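The block underneath contains the structure these notes are about, expressed in structure tokens.
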Amino acid sequence: MSEKEQEIVVKIKRFSQDKGNYWQEYKVNVDRFTQMTEVLRRIKTEQDPSLSYRASCHMAVCGSCGMKINGEPRLACKTLALDIVKKYNSNVITLEPMDYFQPIKDLVVDLDDFYDRMFKVKPRLYPDKEVLEGKAEQRLKPEDQRELWKFEQCIWCGLCVSGCPSVRNDPEFLGPAAHAKGYRFLADPRDTIYEERLKILIDSSWRCTYCYQCFNVCPRDVEPVTTIKKTRAHTRFLKDRSAVAEIGEKHIEAIEESIKDSGMIKEAEVYLKTYGVIASLTDLIYAFQNGKLKYAFVKEMKVKNMDQIRKIMGD
Ligand code: SF4
Ligand code: SF4
Ligand code: FES
């Protein structure tokens with residue numbers, strides 16, 4: 001071991017059909033350039049050929065090396081071993097397969113569910129017939145390209161989906177990556193299936209809980225949650241809206257009215273306007289039974305400078 005090298009202990013959560021889940025430890029010498037994919041390569045080639053993991057490009061482009069490193073969803077190739085040692089002040093690093101997806105073997109998970117979600121949003125451009133036939137050219141303006149650029153950077157790694165609570169709890173929700181991809185084409189002026197995309201995306205967009213986990217974990221800064229917000233803004237262009245989308249729209253309108261009126265979000269009022277009297281009363285009884293009614297009657301402070309707030313709100 002050279003002076004600049006350090007020994008780390010890698011604890012890997014392994015899985016096989018016959019053994020189920022079990023942990024295994026390996027020791028590897030690393031220096032400041034050693035990526036976690038290189039750590040795995042050394043373990044597999046020098047210590048244990050039975051270990052399975054996915055990696056291809058080793059440069060954060062192919063999206064195949066997603067896993068949990070010390071509990072955080074990360075790309076192994078974009079993670080330096082000694083950065084993790086420094087961050088956690090420990091030379092023990094744990095590797096686990098991504099959450100949510102079923103493991104197939106060790107760190108390799110079944111991504112069929114991820115691809116199903118992605119293909120539901122028709123992840124390609126549908127240009128004009130004339131463009132397809134080579135009879136016309138359709139250029140993208142720089143301002144349109146600027147809007148799309150960030151959302152084009154998705155590498156289909158699945159990390160955002162693995163960390164998204166709404167994906168687990170709501171079977172109707174498409175998931176953050178599919179929304180990022182869907183919006184990327186919804187906002188593309190060259191695309192010809194806008195109405196169809198609205199039908200696919202709008203209801204699902206109102207099922208995100210805005211927890212920002214996808215924003216935090218994405219290794220390409222795609223910001224899937226931003227695309228969900230932007231998609232919601234298209235709700236008014238959809239004719240037949242689902243109940244979820246209707247309630248979402250009402251909620252936004254009630255919040256806007258409340259701010260214009262009082263300079264704050266009056267939660268009780270917003271709730272009533274969004275869900276109506278019967279649902280609000282039912283929820284009030286539920287809150288009372290669970291000792292949470294006090295939160296519905298929090299004393300509100302008066303907001304000063306209402307004229308400035310109305311100006312910001314465009315009145
Ligand atoms: S912000 Fe929405 S899409 Fe992103 S992880 Fe949270 S619930 Fe999922
Ligand atoms: S949005 Fe980010 S985290 Fe999600 S699949 Fe694409 S690159 Fe991965
Ligand atoms: S190996 Fe390609 S993204 Fe990590």
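If you're wondering about the labels, chains in the structure tokens are A, B, ... by order shown, residues count from 1 in each chain, ligands from 1 in order shown.
Residues of protein, DNA or RNA having any atom at most 6 Å from ligand 1, counting only C-alpha atoms and all ligand atoms, are Cys164, Pro165, Ser166, Gly175, Pro176, Cys208, Thr209, Tyr210, Cys211, Tyr212, Gln213, Cys214 and Val225 of chain A.
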**Request:** Identify, with DSSP run on backbone atoms, the residues in segment 46-283 of chain A assigned to strand (DSSP E or B), and express the list as a ChimeraX atom specification.
**Result:** /A:66-69,72-75,80,92-96,103-105,108-109
Would you output that residue set with N, CA and C atoms, as an mmCIF file, in the first residue's frame?
data_model
loop_
_atom_site.group_PDB
_atom_site.id
_atom_site.type_symbol
_atom_site.label_atom_id
_atom_site.label_comp_id
_atom_site.auth_asym_id
_atom_site.auth_seq_id
_atom_site.Cartn_x
_atom_site.Cartn_y
_atom_site.Cartn_z
ATOM 1 N N GLY A 66 -26.589 2.776 -10.222
ATOM 2 C CA GLY A 66 -27.330 3.324 -9.080
ATOM 3 C C GLY A 66 -27.387 2.324 -7.938
ATOM 4 N N MET A 67 -27.146 2.798 -6.730
ATOM 5 C CA MET A 67 -27.217 1.937 -5.531
ATOM 6 C C MET A 67 -27.251 2.830 -4.296
ATOM 7 N N LYS A 68 -27.417 2.236 -3.122
ATOM 8 C CA LYS A 68 -27.367 3.039 -1.897
ATOM 9 C C LYS A 68 -25.970 2.932 -1.302
ATOM 10 N N ILE A 69 -25.357 4.073 -1.084
ATOM 11 C CA ILE A 69 -24.024 4.108 -0.485
ATOM 12 C C ILE A 69 -24.147 4.798 0.865
ATOM 13 N N GLU A 72 -27.471 6.417 1.154
ATOM 14 C CA GLU A 72 -27.883 7.478 0.218
ATOM 15 C C GLU A 72 -27.971 6.933 -1.206
ATOM 16 N N PRO A 73 -29.061 7.247 -1.923
ATOM 17 C CA PRO A 73 -29.121 6.830 -3.330
ATOM 18 C C PRO A 73 -28.079 7.618 -4.145
ATOM 19 N N ARG A 74 -27.161 6.896 -4.783
ATOM 20 C CA ARG A 74 -26.064 7.556 -5.507
ATOM 21 C C ARG A 74 -25.650 6.731 -6.721
ATOM 22 N N LEU A 75 -24.945 7.390 -7.648
ATOM 23 C CA LEU A 75 -24.251 6.654 -8.701
ATOM 24 C C LEU A 75 -22.898 6.247 -8.128
ATOM 25 N N LEU A 80 -16.608 9.088 -4.974
ATOM 26 C CA LEU A 80 -15.246 8.696 -4.623
ATOM 27 C C LEU A 80 -15.246 8.081 -3.221
ATOM 28 N N VAL A 92 -15.604 2.540 7.069
ATOM 29 C CA VAL A 92 -16.551 1.473 6.707
ATOM 30 C C VAL A 92 -17.616 2.061 5.777
ATOM 31 N N ILE A 93 -17.749 1.472 4.593
ATOM 32 C CA ILE A 93 -18.735 1.968 3.623
ATOM 33 C C ILE A 93 -19.738 0.847 3.325
ATOM 34 N N THR A 94 -21.032 1.172 3.441
ATOM 35 C CA THR A 94 -22.031 0.130 3.136
ATOM 36 C C THR A 94 -22.612 0.347 1.741
ATOM 37 N N LEU A 95 -22.806 -0.743 1.040
ATOM 38 C CA LEU A 95 -23.432 -0.701 -0.288
ATOM 39 C C LEU A 95 -24.672 -1.579 -0.261
ATOM 40 N N GLU A 96 -25.773 -1.027 -0.741
ATOM 41 C CA GLU A 96 -27.023 -1.794 -0.809
ATOM 42 C C GLU A 96 -27.677 -1.550 -2.159
ATOM 43 N N PRO A 103 -34.542 -6.849 -5.840
ATOM 44 C CA PRO A 103 -33.195 -7.291 -6.207
ATOM 45 C C PRO A 103 -33.250 -8.582 -7.035
ATOM 46 N N ILE A 104 -32.335 -8.673 -7.988
ATOM 47 C CA ILE A 104 -32.209 -9.905 -8.788
ATOM 48 C C ILE A 104 -31.027 -10.693 -8.243
ATOM 49 N N LYS A 105 -29.896 -10.008 -8.111
ATOM 50 C CA LYS A 105 -28.708 -10.618 -7.500
ATOM 51 C C LYS A 105 -27.824 -9.503 -6.951
ATOM 52 N N VAL A 108 -27.707 -5.809 -8.190
ATOM 53 C CA VAL A 108 -28.465 -5.688 -9.449
ATOM 54 C C VAL A 108 -29.959 -5.812 -9.152
ATOM 55 N N VAL A 109 -30.732 -4.791 -9.587
ATOM 56 C CA VAL A 109 -32.174 -4.825 -9.334
ATOM 57 C C VAL A 109 -32.949 -4.949 -10.641
#
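Around ligand 3, the neighbouring residues within 10 Å, taking only C-alpha atoms and all ligand atoms, come to Gln35, Met36, Thr37, Glu38, Arg54, Ala55, Ser56, Cys57, His58, Met59, Ala60, Val61, Cys62, Gly63, Ser64, Cys65, Gly66, Met67, Arg74, Leu75, Ala76, Cys77, Lys78, Thr79, Ile155, Trp156, Cys157 and Pro219 of chain A.
Comparing A:Asp170, A:Glu152, A:Asp99, A:Glu130 by their smallest distance to ligand 2, the closest is A:Glu152 (using only C-alpha atoms and all ligand atoms).
Distances here use only C-alpha atoms and all ligand atoms; by that measure, the residue among A:Leu174, A:Val121, A:Val222, A:Ile43 closest to ligand 2 is A:Val222.
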**Item:** Secondary structure check, alpha helix (DSSP H) residues of segment 143-309 of chain A, as a ChimeraX atom specification
**Value:** /A:143-149,159-163,165-169,176-186,194-205,213-217,224-232,243-262,267-289,306-309
**Item:** Residues near His251 of chain A, cut-off 6 Å, only C-alpha atoms, skip fewer than 3 positions along chain, as a ChimeraX atom specification
**Value:** /A:248,254,274
Selected residues written out with C-alpha atoms, as a PDB file, in the first residue's frame:
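Contents of result-v2.pdb, as written:
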ATOM      1  CA  GLY A 248     -55.476  20.388  -7.300  1.00  0.00           C
ATOM      2  CA  ALA A 254     -57.848  29.020  -3.033  1.00  0.00           C
ATOM      3  CA  THR A 274     -60.618  23.051  -1.884  1.00  0.00           C
TER       4      THR A 274
END
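In this comparison, which uses only C-alpha atoms and all ligand atoms, the residue of A:Leu40, A:Leu186, A:Leu51, A:Ile228 approaching ligand 2 most closely is A:Ile228.
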**Request:** Extract, using only C-alpha atoms, all DNA, RNA and protein residues at most 8 Å from segment 307-314 of chain A, discarding same-chain residues fewer than 6 positions from it, and format them as a PyMOL selection string.
**Result:** chain A and resi 259-260+263
Could those selected residues go to a file with N, CA and C atoms, as a PDB file, in the first residue's frame?
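Generated output (out08.pdb):
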ATOM      1  N   ILE A 259     -53.899  34.566  -0.355  1.00  0.00           N
ATOM      2  CA  ILE A 259     -52.736  35.470  -0.268  1.00  0.00           C
ATOM      3  C   ILE A 259     -53.123  36.882  -0.703  1.00  0.00           C
ATOM      4  N   LYS A 260     -53.889  36.964  -1.789  1.00  0.00           N
ATOM      5  CA  LYS A 260     -54.308  38.294  -2.261  1.00  0.00           C
ATOM      6  C   LYS A 260     -55.152  39.006  -1.225  1.00  0.00           C
ATOM      7  N   GLY A 263     -52.636  38.202   2.584  1.00  0.00           N
ATOM      8  CA  GLY A 263     -51.172  38.192   2.629  1.00  0.00           C
ATOM      9  C   GLY A 263     -50.622  36.898   3.204  1.00  0.00           C
TER      10      GLY A 263
END
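Considering the residues A:Ser52, A:Asp106, A:Tyr100, A:Gly158 and counting only C-alpha atoms, Lys13 of chain A has its shortest atom-to-atom contact with A:Asp106.
Take atom CA of Thr235 of chain A and atom CA of Pro189 of chain A: the distance between them is 17.6 Å.
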